[in-house]
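For reference, data_24.tsv is printed below; it contains TSV, C-alpha atoms and all ligand atoms.
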chain	number	residue	atom	x	y	z
C	11	MET	CA	304.87	81.65	196.90
C	12	LYS	CA	308.50	80.81	196.29
C	13	ARG	CA	309.89	78.50	193.62
C	14	SER	CA	307.31	79.20	190.94
C	15	LEU	CA	307.53	80.24	187.31
C	16	THR	CA	305.44	83.06	185.81
C	17	ILE	CA	303.82	81.76	182.62
C	18	GLY	CA	301.53	84.65	181.76
C	19	ARG	CA	299.04	87.26	182.90
C	20	VAL	CA	295.25	87.42	182.62
C	21	ALA	CA	293.56	90.77	183.32
C	22	GLY	CA	296.83	91.88	184.93
C	23	ILE	CA	296.96	88.91	187.33
C	24	PRO	CA	300.23	86.94	187.06
C	25	ILE	CA	299.74	83.18	186.57
C	26	ARG	CA	302.58	81.12	188.03
C	27	LEU	CA	303.37	77.42	187.97
C	28	HIS	CA	304.45	75.94	191.31
C	29	TRP	CA	307.32	73.44	191.17
C	30	SER	CA	305.02	70.63	192.26
C	31	PHE	CA	303.09	71.06	189.02
C	32	PHE	CA	306.22	69.85	187.23
C	33	LEU	CA	306.24	66.84	189.54
C	34	LEU	CA	302.71	66.09	188.35
C	35	ALA	CA	303.84	66.47	184.73
C	36	LEU	CA	306.62	63.95	185.39
C	37	LEU	CA	304.21	61.53	187.09
C	38	VAL	CA	301.76	61.70	184.17
C	39	LEU	CA	304.43	61.43	181.47
C	40	ALA	CA	306.31	58.66	183.29
C	41	SER	CA	303.17	56.59	183.92
C	42	PRO	CA	303.43	53.01	182.56
C	43	ASN	CA	301.08	53.63	179.61
C	44	GLY	CA	303.23	56.49	178.35
C	45	THR	CA	305.33	54.28	176.15
C	46	THR	CA	304.26	55.28	172.64
C	47	GLY	CA	304.53	58.76	171.19
C	48	SER	CA	300.80	59.18	170.61
C	49	VAL	CA	299.96	58.18	174.20
C	50	ALA	CA	302.55	60.63	175.52
C	51	LEU	CA	301.00	63.36	173.34
C	52	ALA	CA	297.51	62.55	174.64
C	53	ASP	CA	298.85	62.71	178.20
C	54	ALA	CA	300.44	66.08	177.49
C	55	ILE	CA	297.17	67.42	176.04
C	56	TRP	CA	295.32	66.06	179.06
C	57	LEU	CA	297.73	67.89	181.37
C	58	ILE	CA	297.24	71.15	179.47
C	59	VAL	CA	293.46	70.75	179.69
C	60	LEU	CA	293.72	70.07	183.43
C	61	PHE	CA	295.94	73.11	183.84
C	62	ALA	CA	293.51	75.29	181.82
C	63	SER	CA	290.57	74.10	183.93
C	64	VAL	CA	292.44	74.89	187.14
C	65	THR	CA	293.39	78.33	185.79
C	66	LEU	CA	289.76	79.18	184.98
C	67	HIS	CA	288.74	78.03	188.46
C	68	GLU	CA	291.37	80.28	190.05
C	69	LEU	CA	290.54	83.22	187.79
C	70	ALA	CA	286.97	83.07	189.08
C	71	HIS	CA	288.29	83.44	192.66
C	72	SER	CA	290.72	86.21	191.74
C	73	LEU	CA	288.44	88.30	189.53
C	74	LEU	CA	285.60	88.26	192.05
C	75	ALA	CA	288.03	89.06	194.89
C	76	ARG	CA	289.32	92.05	192.96
C	77	ARG	CA	285.81	93.21	192.15
C	78	LEU	CA	284.98	93.04	195.87
C	79	GLY	CA	287.96	95.30	196.62
C	80	LEU	CA	290.58	92.74	197.72
C	81	LYS	CA	294.14	92.87	196.43
C	82	VAL	CA	295.12	89.88	194.27
C	83	ARG	CA	298.84	89.14	194.19
C	84	ASP	CA	298.94	86.21	191.78
C	85	ILE	CA	297.63	82.77	190.94
C	86	VAL	CA	299.93	79.85	191.71
C	87	LEU	CA	298.98	76.60	190.01
C	88	LEU	CA	299.41	73.46	192.09
C	89	PRO	CA	298.25	69.93	191.23
C	90	ILE	CA	295.58	70.23	193.93
C	91	GLY	CA	293.76	73.05	192.15
C	92	GLY	CA	295.87	76.13	192.44
C	93	VAL	CA	296.02	78.97	194.92
C	94	SER	CA	294.81	82.52	194.35
C	95	GLN	CA	297.02	84.61	196.59
C	96	ILE	CA	294.59	87.21	197.83
C	97	GLU	CA	295.37	89.65	200.62
C	98	ALA	CA	292.70	88.74	203.07
C	99	ILE	CA	293.67	89.91	206.51
C	100	ASP	CA	290.52	91.88	207.33
C	101	ILE	CA	288.23	89.89	205.06
C	102	SER	CA	284.65	89.64	206.29
C	103	PRO	CA	282.98	86.20	206.51
C	104	ALA	CA	280.42	87.25	203.86
C	105	ILE	CA	283.15	88.12	201.35
C	106	GLU	CA	285.16	84.98	202.17
C	107	THR	CA	282.09	82.82	201.47
C	108	LYS	CA	281.55	84.47	198.07
C	109	VAL	CA	285.20	84.39	196.97
C	110	ALA	CA	285.63	80.76	198.09
C	111	ALA	CA	282.39	79.53	196.51
C	112	VAL	CA	282.81	81.19	193.11
C	113	GLY	CA	285.73	78.92	192.08
C	114	PRO	CA	283.85	75.61	192.38
C	115	LEU	CA	280.79	77.35	190.92
C	116	ALA	CA	282.80	78.30	187.81
C	117	SER	CA	284.09	74.72	187.49
C	118	ILE	CA	280.53	73.37	187.80
C	119	VAL	CA	279.26	75.76	185.10
C	120	ILE	CA	282.13	74.80	182.74
C	121	GLY	CA	281.55	71.10	183.46
C	122	VAL	CA	277.81	71.27	182.85
C	123	VAL	CA	278.26	73.29	179.63
C	124	LEU	CA	280.84	70.80	178.28
C	125	LEU	CA	278.72	67.77	179.18
C	126	GLY	CA	275.73	69.49	177.54
C	127	ALA	CA	277.84	70.02	174.42
C	128	ALA	CA	278.91	66.35	174.54
C	129	LEU	CA	275.25	65.28	174.66
C	130	ALA	CA	274.45	67.64	171.77
C	131	THR	CA	277.16	66.00	169.65
C	132	GLY	CA	275.77	62.57	170.46
C	133	ALA	CA	278.59	61.50	172.79
C	134	SER	CA	277.75	59.46	175.87
C	135	ILE	CA	278.37	61.14	179.23
C	136	TRP	CA	277.56	58.20	181.49
C	137	PRO	CA	279.28	56.50	183.24
C	138	PRO	CA	281.69	59.34	184.15
C	139	ALA	CA	285.05	58.84	182.49
C	140	LEU	CA	288.25	60.86	182.66
C	141	TYR	CA	290.25	58.61	180.35
C	142	GLY	CA	289.09	57.63	176.89
C	143	GLY	CA	285.91	58.64	175.09
C	144	SER	CA	284.86	62.09	173.90
C	145	TRP	CA	287.08	64.98	174.98
C	146	LEU	CA	283.99	67.07	175.80
C	147	THR	CA	282.84	64.35	178.21
C	148	ARG	CA	286.28	63.88	179.75
C	149	VAL	CA	286.93	67.59	180.30
C	150	GLY	CA	283.35	68.13	181.49
C	151	TRP	CA	283.77	65.48	184.19
C	152	LEU	CA	287.24	66.79	185.02
C	153	ASN	CA	285.74	70.18	185.86
C	154	LEU	CA	282.98	68.64	187.97
C	155	LEU	CA	285.61	66.55	189.80
C	156	LEU	CA	287.67	69.70	190.37
C	157	ALA	CA	284.62	71.45	191.84
C	158	GLY	CA	283.72	68.48	194.05
C	159	PHE	CA	287.26	68.05	195.31
C	160	ASN	CA	287.71	71.71	196.13
C	161	LEU	CA	284.43	71.69	198.01
C	162	LEU	CA	285.78	69.17	200.57
C	163	PRO	CA	285.55	71.05	203.88
C	164	ALA	CA	289.34	70.95	204.37
C	165	LEU	CA	290.97	74.33	204.96
C	166	PRO	CA	292.74	75.82	202.95
C	167	MET	CA	290.58	74.32	200.18
C	168	ASP	CA	287.46	76.18	199.08
C	169	GLY	CA	285.06	73.99	201.05
C	170	GLY	CA	287.14	74.61	204.18
C	171	ARG	CA	287.02	78.37	203.60
C	172	VAL	CA	283.27	78.25	203.15
C	173	LEU	CA	283.03	76.22	206.39
C	174	ARG	CA	285.28	78.70	208.25
C	175	SER	CA	283.38	81.74	206.98
C	176	LEU	CA	280.04	80.19	207.96
C	177	LEU	CA	281.40	79.38	211.44
C	178	ALA	CA	282.80	82.93	211.73
C	179	ARG	CA	279.30	84.36	211.46
C	180	GLY	CA	278.54	83.01	214.95
C	181	HIS	CA	282.01	82.92	216.51
C	182	SER	CA	285.32	84.80	216.42
C	183	LYS	CA	287.57	84.24	213.40
C	184	LEU	CA	290.06	82.52	215.69
C	185	ARG	CA	287.48	80.01	216.96
C	186	ALA	CA	286.10	79.46	213.44
C	187	THR	CA	289.61	78.82	212.11
C	188	GLN	CA	290.35	76.46	214.99
C	189	VAL	CA	287.30	74.29	214.25
C	190	ALA	CA	287.88	74.40	210.47
C	191	SER	CA	291.57	73.49	210.97
C	192	VAL	CA	290.69	70.46	213.10
C	193	VAL	CA	288.24	69.26	210.42
C	194	ALA	CA	290.93	69.83	207.77
C	195	PHE	CA	293.53	67.97	209.81
C	196	VAL	CA	291.25	64.96	210.18
C	197	LEU	CA	290.45	64.98	206.45
C	198	GLY	CA	294.12	65.49	205.55
C	199	ALA	CA	295.12	62.54	207.79
C	200	ALA	CA	292.38	60.41	206.20
C	201	MET	CA	293.66	61.33	202.71
C	202	ILE	CA	297.21	60.38	203.72
C	203	GLY	CA	296.08	57.10	205.28
C	204	TYR	CA	293.87	56.14	202.36
C	205	GLY	CA	296.42	57.41	199.83
C	206	LEU	CA	299.23	55.28	201.27
C	207	LYS	CA	297.16	52.21	200.40
C	208	LYS	CA	295.55	53.37	197.16
C	209	ASP	CA	297.15	56.40	195.48
C	210	TYR	CA	300.26	58.36	196.37
C	211	PHE	CA	298.81	61.47	194.71
C	212	LEU	CA	296.25	61.61	197.53
C	213	VAL	CA	299.12	61.53	200.05
C	214	ILE	CA	300.59	64.69	198.50
C	215	ILE	CA	297.21	66.41	198.71
C	216	GLY	CA	296.72	65.23	202.30
C	217	VAL	CA	300.09	66.70	203.27
C	218	PHE	CA	299.21	69.95	201.47
C	219	VAL	CA	295.92	70.16	203.40
C	220	ALA	CA	297.57	69.42	206.75
C	221	ILE	CA	300.32	72.03	206.21
C	222	GLY	CA	297.80	74.56	204.90
C	223	ALA	CA	295.46	74.04	207.85
C	224	ALA	CA	298.31	74.46	210.34
C	225	SER	CA	299.43	77.66	208.63
C	226	GLU	CA	295.87	79.08	208.58
C	227	TRP	CA	295.58	78.29	212.29
C	228	ASN	CA	298.93	79.93	213.09
C	229	SER	CA	298.04	82.97	211.03
C	230	ALA	CA	294.68	83.35	212.81
C	231	ARG	CA	296.43	83.04	216.20
C	232	PHE	CA	299.05	85.58	215.13
C	233	GLN	CA	296.39	88.08	214.07
C	234	ALA	CA	294.35	87.48	217.22
C	235	SER	CA	297.39	88.06	219.47
C	236	LEU	CA	297.93	91.47	217.83
C	237	THR	CA	294.32	92.58	218.13
C	238	GLY	CA	293.98	95.82	220.08
C	239	LEU	CA	297.58	97.00	219.55
C	240	THR	CA	297.42	100.48	218.04
C	241	VAL	CA	299.87	102.94	216.53
C	242	GLY	CA	299.05	105.39	219.35
C	243	ALA	CA	300.26	102.98	222.04
C	244	TYR	CA	303.61	102.40	220.30
C	245	MET	CA	304.42	105.87	218.90
C	246	HIS	CA	306.88	108.42	220.26
C	247	SER	CA	304.53	111.25	221.15
C	248	ASP	CA	306.97	114.13	221.68
C	249	ALA	CA	307.82	114.36	218.00
C	250	THR	CA	310.27	117.00	216.81
C	251	THR	CA	309.13	118.62	213.57
C	252	VAL	CA	310.87	121.00	211.19
C	253	PRO	CA	309.23	123.93	209.32
C	254	ALA	CA	309.28	123.49	205.52
C	255	GLY	CA	311.15	126.79	205.01
C	256	VAL	CA	314.31	125.79	206.94
C	257	ALA	CA	317.41	125.37	204.75
C	258	ALA	CA	318.00	121.76	203.77
C	259	SER	CA	321.70	122.06	204.62
C	260	GLU	CA	320.81	122.98	208.22
C	261	VAL	CA	318.53	119.96	208.58
C	262	ALA	CA	321.13	117.71	206.95
C	263	ALA	CA	323.72	118.86	209.50
C	264	TRP	CA	321.29	118.14	212.34
C	265	LEU	CA	320.30	114.71	210.98
C	266	ALA	CA	323.98	113.80	210.59
C	267	HIS	CA	324.14	113.64	214.40
C	268	PHE	CA	321.24	111.15	214.54
C	269	PRO	CA	321.83	108.44	211.96
C	270	GLY	CA	318.66	106.68	210.84
C	271	ARG	CA	316.42	109.42	212.23
C	272	ALA	CA	313.68	111.14	210.20
C	273	LEU	CA	311.83	114.42	210.80
C	274	PRO	CA	308.24	115.30	209.91
C	275	VAL	CA	308.12	118.56	207.91
C	276	VAL	CA	305.31	121.03	208.65
C	277	ASP	CA	304.10	124.25	206.97
C	278	GLU	CA	303.91	127.64	208.72
C	279	THR	CA	300.54	126.75	210.26
C	280	GLY	CA	301.95	123.51	211.66
C	281	ARG	CA	300.22	121.19	209.20
C	282	TYR	CA	302.04	118.02	208.10
C	283	GLN	CA	303.77	118.26	204.69
C	284	GLY	CA	306.05	115.24	204.45
C	285	ILE	CA	308.91	113.45	206.12
C	286	VAL	CA	312.63	113.83	205.58
C	287	ASP	CA	315.69	111.76	206.49
C	288	GLY	CA	319.40	111.86	205.67
C	289	GLY	CA	318.78	109.91	202.46
C	290	ASN	CA	316.34	112.52	201.12
C	291	LEU	CA	318.91	115.27	201.71
C	292	ALA	CA	322.02	113.45	200.47
C	293	GLY	CA	323.62	115.45	197.66
C	294	HIS	CA	321.08	118.29	198.06
C	295	ILE	CA	321.50	121.48	196.06
C	296	PRO	CA	322.63	124.35	198.34
C	297	GLY	CA	319.90	126.92	198.93
C	298	LEU	CA	316.95	124.52	198.78
C	299	ALA	CA	314.45	124.49	201.62
C	300	VAL	CA	313.77	121.20	203.39
C	301	GLY	CA	310.12	121.34	202.28
C	302	GLN	CA	311.25	120.93	198.66
C	303	LEU	CA	313.11	117.72	199.44
C	304	ALA	CA	310.67	116.12	201.88
C	305	ASP	CA	309.04	112.81	200.94
C	306	ARG	CA	305.37	113.67	200.48
C	307	GLN	CA	304.42	110.16	199.35
C	308	ALA	CA	305.32	108.41	202.62
C	309	PRO	CA	302.25	106.74	204.15
C	310	LEU	CA	300.62	108.58	207.05
C	311	LEU	CA	299.60	106.82	210.23
C	312	ALA	CA	296.82	107.72	212.64
C	313	PRO	CA	296.96	106.98	216.40
C	314	GLU	CA	293.90	104.69	216.30
C	315	MET	CA	295.25	102.54	213.43
C	316	PRO	CA	296.03	98.90	214.25
C	317	LEU	CA	299.72	98.05	214.41
C	318	TYR	CA	298.97	95.01	212.27
C	319	PRO	CA	298.41	94.92	209.40
C	320	HIS	CA	298.17	98.69	208.73
C	321	ALA	CA	301.35	100.08	210.30
C	322	ALA	CA	303.38	96.98	209.44
C	323	ARG	CA	302.29	97.25	205.81
C	324	ALA	CA	303.06	101.00	205.70
C	325	PHE	CA	306.64	100.30	206.82
C	326	GLU	CA	306.99	97.46	204.35
C	327	GLN	CA	305.70	99.48	201.41
C	328	SER	CA	307.58	102.70	202.13
C	329	LYS	CA	310.86	101.03	203.21
C	330	ARG	CA	311.13	103.80	205.86
C	331	ARG	CA	312.23	103.28	209.45
C	332	GLN	CA	310.04	106.06	210.84
C	333	LEU	CA	306.62	107.32	209.84
C	334	ALA	CA	304.69	110.36	210.99
C	335	VAL	CA	301.53	109.90	213.04
C	336	VAL	CA	299.04	112.57	212.15
C	337	SER	CA	295.69	113.51	213.63
C	338	GLY	CA	293.57	116.29	212.12
C	339	GLY	CA	296.48	117.35	209.89
C	340	ARG	CA	298.84	117.83	212.88
C	341	VAL	CA	301.80	115.66	213.73
C	342	VAL	CA	301.08	113.96	217.06
C	343	GLY	CA	303.98	111.54	217.04
C	344	VAL	CA	306.47	109.41	215.17
C	345	LEU	CA	306.31	105.64	214.94
C	346	TYR	CA	309.65	103.83	214.74
C	347	LEU	CA	309.96	100.54	212.89
C	348	GLN	CA	311.86	98.83	215.71
C	349	PRO	CA	309.10	98.50	218.36
C	350	VAL	CA	306.64	97.40	215.66
C	351	ALA	CA	309.06	94.72	214.42
C	352	THR	CA	309.62	93.57	218.03
C	353	ALA	CA	305.87	93.32	218.71
C	354	LEU	CA	305.33	91.29	215.53
C	355	MET	CA	308.27	89.03	216.35
C	356	GLN	CA	306.98	88.37	219.88
C	357	ALA	CA	303.52	87.56	218.53
C	358	ARG	CA	305.09	85.22	215.97
C	359	GLN	CA	307.19	83.46	218.63
C	360	GLN	CA	304.19	83.05	220.94
C	361	THR	CA	301.97	81.62	218.23
C	362	ALA	CA	304.76	79.37	216.97
C	363	ARG	CA	305.27	77.96	220.47
C	364	LEU	CA	301.61	77.14	220.94
C	365	GLY	CA	300.84	76.19	217.37
C	366	TRP	CA	300.83	72.56	216.33
C	367	SER	CA	303.07	72.90	213.31
C	401	ZN	ZN	289.23	77.11	194.49
How does the structure come out when it is put into structure tokens?
Ligand SMILES: [Zn+2]
Amino acid sequence: MKRSLTIGRVAGIPIRLHWSFFLLALLVLASPNGTTGSVALADAIWLIVLFASVTLHELAHSLLARRLGLKVRDIVLLPIGGVSQIEAIDISPAIETKVAAVGPLASIVIGVVLLGAALATGASIWPPALYGGSWLTRVGWLNLLLAGFNLLPALPMDGGRVLRSLLARGHSKLRATQVASVVAFVLGAAMIGYGLKKDYFLVIIGVFVAIGAASEWNSARFQASLTGLTVGAYMHSDATTVPAGVAASEVAAWLAHFPGRALPVVDETGRYQGIVDGGNLAGHIPGLAVGQLADRQAPLLAPEMPLYPHAARAFEQSKRRQLAVVSGGRVVGVLYLQPVATALMQARQQTARLGWS
């Protein structure tokens, strides 16, 4: 997520503050009761407690996601409750339910423990209060409120993800996302309508929900439109290869005639060794064989792999414009970046045209 500030790392996961969190800080500090120094300090402490509660909630999502084998990019803290940016393109409904539910569950556990501690110290916990009274009570209720709010069935909030993943058990992900997005849109509109009369903070959250739901819906449509497209259908199948023992200077001279082209390198039995382009050979030492300069780390594709996300991600990670397609150790083709980029762009244009954003 752009425009955010990294404030630390927990278990290797970067924690970032989104710009809108600063807006919240301004709103709290500029509120009418923030006139005296001690009130301003209490407000600042309250904000830090809120921020810590949100972070713990997000860490629960992220740590479970990582344990279940998903890649966690970072945690971005927003006033609404933060976002754990988890790569979740092929996520199964069962895993989505678990990862979505664990955040509110963590907030509920923290809330109950704090309220229990408040009771143990003789503080009153009823009626619920966020302002004034014992800090244990206030922070306890804050965490329960956080859990309750995130459980609203409004995609992309946790409750909406749970709803979508439950729907996806009986329907396609696209259909499940469609239904969950409509529910989220209605809830988001209700928040905006109610917020305009009562509380502008709710308007911000309503807008966040509506934008998030539209983006989830577009992303599901985008993925659905690419379903069934494989590397095999897009690759160049008469791939030229070069034996590893050929002099690098010879290959460099050949590649100079085909700017941007890469060649898979094979051993004497024809098995794939690596890939080489002009860049790998630039400034090569005379006398070296091409096999010594080939990139052996470049990701390998297989004909049956989906174009998205697998091939697209391989291009993105390797920064190469061509990748070898290998089956049973043999090179069966070369996939160029260009047709993949075109297919993704067409899918994006189609979904953007028909989307409601
Ligand atoms: Zn959450």
Tell me, as a PDB file with C-alpha atoms, in the coordinates of the input, which residues lie within 10 Å of Leu162 in chain C, counting only C-alpha atoms; anything in the same chain fewer than 4 positions away does not count.
ATOM      1  CA  ALA C 157     284.620  71.450 191.840  1.00  0.00           C
ATOM      2  CA  GLY C 158     283.720  68.480 194.050  1.00  0.00           C
ATOM      3  CA  PRO C 166     292.740  75.820 202.950  1.00  0.00           C
ATOM      4  CA  MET C 167     290.580  74.320 200.180  1.00  0.00           C
ATOM      5  CA  ASP C 168     287.460  76.180 199.080  1.00  0.00           C
ATOM      6  CA  GLY C 169     285.060  73.990 201.050  1.00  0.00           C
ATOM      7  CA  GLY C 170     287.140  74.610 204.180  1.00  0.00           C
ATOM      8  CA  ARG C 171     287.020  78.370 203.600  1.00  0.00           C
ATOM      9  CA  VAL C 172     283.270  78.250 203.150  1.00  0.00           C
ATOM     10  CA  LEU C 173     283.030  76.220 206.390  1.00  0.00           C
ATOM     11  CA  ALA C 194     290.930  69.830 207.770  1.00  0.00           C
ATOM     12  CA  LEU C 197     290.450  64.980 206.450  1.00  0.00           C
TER      13      LEU C 197
END
Env of Gly79 in chain C: 12 Å cut, atoms = all atoms listed in the file, seq-sep filter 4 positions within chain, self excluded. Answer as number ranges by chain.
C: 72-75, 96-98, 100-102, 105, 109
Give the residues close to ligand ZN 401 (chain C), within 6 Å, counting only C-alpha atoms and all ligand atoms; write them as a PyMOL selection string.
chain C and resi 68+113-114+160+168
Taking all atoms listed in the file into account, name the residue in C:Pro319, C:Asp287, C:Arg358, C:Arg340 that is nearest to Phe268 in chain C.
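Looking at the shortest contact to Phe268 in chain C, the residue is C:Asp287.
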Interatomic distance, CA of Val276 in chain C to CA of Thr251 in chain C (Å, one decimal):
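It comes out at 6.7 Å.
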As an exercise, work out the distance from CA of Ser229 in chain C to CA of Gln95 in chain C in Å and give it to one decimal place.
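Atom-to-atom, CA of Ser229 in chain C and CA of Gln95 in chain C are spaced 14.6 Å apart.
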Polymer residues at most 7 Å from Arg26 in chain C, only C-alpha atoms, same-chain spacing of 6 or more positions, as JSON, numbers by chain:
{"C": [14, 15, 16, 17, 85, 86, 87]}
Suppose you want the space between CA of Ala322 in chain C and CA of Leu347 in chain C; what is it in Å?
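CA of Leu347 in chain C lies 8.2 Å from CA of Ala322 in chain C.
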From the block I gave, I'd like range 91-111 of chain C written with N, CA, C and O atoms, as a short mmCIF file (atom, residue, chain, number, x, y, z; two decimals), in the first residue's frame.
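In the end it all went to decode.cif:
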data_model
loop_
_atom_site.label_atom_id
_atom_site.label_comp_id
_atom_site.auth_asym_id
_atom_site.auth_seq_id
_atom_site.Cartn_x
_atom_site.Cartn_y
_atom_site.Cartn_z
N GLY C 91 -8.93 -0.53 11.38
CA GLY C 91 -8.52 -1.78 12.01
C GLY C 91 -7.32 -2.40 11.33
O GLY C 91 -6.91 -3.49 11.69
N GLY C 92 -6.77 -1.73 10.37
CA GLY C 92 -5.55 -2.24 9.77
C GLY C 92 -5.80 -3.28 8.69
O GLY C 92 -6.88 -3.84 8.57
N VAL C 93 -4.78 -3.48 7.86
CA VAL C 93 -4.85 -4.45 6.78
C VAL C 93 -3.59 -5.29 6.81
O VAL C 93 -2.49 -4.75 6.79
N SER C 94 -3.76 -6.62 6.88
CA SER C 94 -2.61 -7.51 6.72
C SER C 94 -2.54 -7.82 5.24
O SER C 94 -3.48 -8.37 4.68
N GLN C 95 -1.45 -7.41 4.60
CA GLN C 95 -1.36 -7.65 3.16
C GLN C 95 -0.78 -9.04 2.94
O GLN C 95 0.42 -9.25 3.04
N ILE C 96 -1.69 -9.96 2.64
CA ILE C 96 -1.34 -11.37 2.53
C ILE C 96 -1.60 -11.79 1.08
O ILE C 96 -2.66 -11.50 0.53
N GLU C 97 -0.60 -12.43 0.47
CA GLU C 97 -0.80 -12.91 -0.89
C GLU C 97 -1.79 -14.05 -0.86
O GLU C 97 -1.52 -15.09 -0.27
N ALA C 98 -2.92 -13.83 -1.48
CA ALA C 98 -4.00 -14.80 -1.29
C ALA C 98 -4.73 -15.09 -2.59
O ALA C 98 -5.94 -15.14 -2.63
N ILE C 99 -3.97 -15.31 -3.65
CA ILE C 99 -4.63 -15.51 -4.93
C ILE C 99 -5.27 -16.90 -5.03
O ILE C 99 -6.37 -17.03 -5.50
N ASP C 100 -4.58 -17.90 -4.56
CA ASP C 100 -5.13 -19.27 -4.67
C ASP C 100 -5.67 -19.76 -3.33
O ASP C 100 -5.79 -20.95 -3.11
N ILE C 101 -5.96 -18.85 -2.44
CA ILE C 101 -6.33 -19.24 -1.08
C ILE C 101 -7.63 -20.06 -1.09
O ILE C 101 -8.57 -19.73 -1.80
N SER C 102 -7.63 -21.14 -0.30
CA SER C 102 -8.83 -21.98 -0.24
C SER C 102 -9.82 -21.36 0.74
O SER C 102 -9.42 -20.65 1.66
N PRO C 103 -11.13 -21.62 0.55
CA PRO C 103 -12.12 -21.05 1.48
C PRO C 103 -11.84 -21.43 2.93
O PRO C 103 -12.00 -20.60 3.83
N ALA C 104 -11.37 -22.67 3.17
CA ALA C 104 -11.12 -23.10 4.55
C ALA C 104 -10.04 -22.24 5.20
O ALA C 104 -10.16 -21.81 6.35
N ILE C 105 -8.97 -21.95 4.44
CA ILE C 105 -7.88 -21.14 4.98
C ILE C 105 -8.34 -19.69 5.15
O ILE C 105 -8.03 -19.04 6.14
N GLU C 106 -9.13 -19.18 4.19
CA GLU C 106 -9.60 -17.79 4.32
C GLU C 106 -10.46 -17.63 5.58
O GLU C 106 -10.34 -16.63 6.29
N THR C 107 -11.30 -18.62 5.86
CA THR C 107 -12.14 -18.54 7.07
C THR C 107 -11.25 -18.43 8.31
O THR C 107 -11.47 -17.57 9.16
N LYS C 108 -10.24 -19.31 8.39
CA LYS C 108 -9.37 -19.33 9.58
C LYS C 108 -8.62 -18.01 9.73
O LYS C 108 -8.60 -17.42 10.81
N VAL C 109 -7.98 -17.56 8.64
CA VAL C 109 -7.15 -16.35 8.72
C VAL C 109 -8.02 -15.13 9.03
O VAL C 109 -7.61 -14.26 9.80
N ALA C 110 -9.24 -15.08 8.47
CA ALA C 110 -10.11 -13.93 8.73
C ALA C 110 -10.62 -13.95 10.17
O ALA C 110 -10.73 -12.92 10.81
N ALA C 111 -10.95 -15.15 10.68
CA ALA C 111 -11.58 -15.22 11.99
C ALA C 111 -10.60 -15.01 13.14
O ALA C 111 -10.99 -14.57 14.22
#
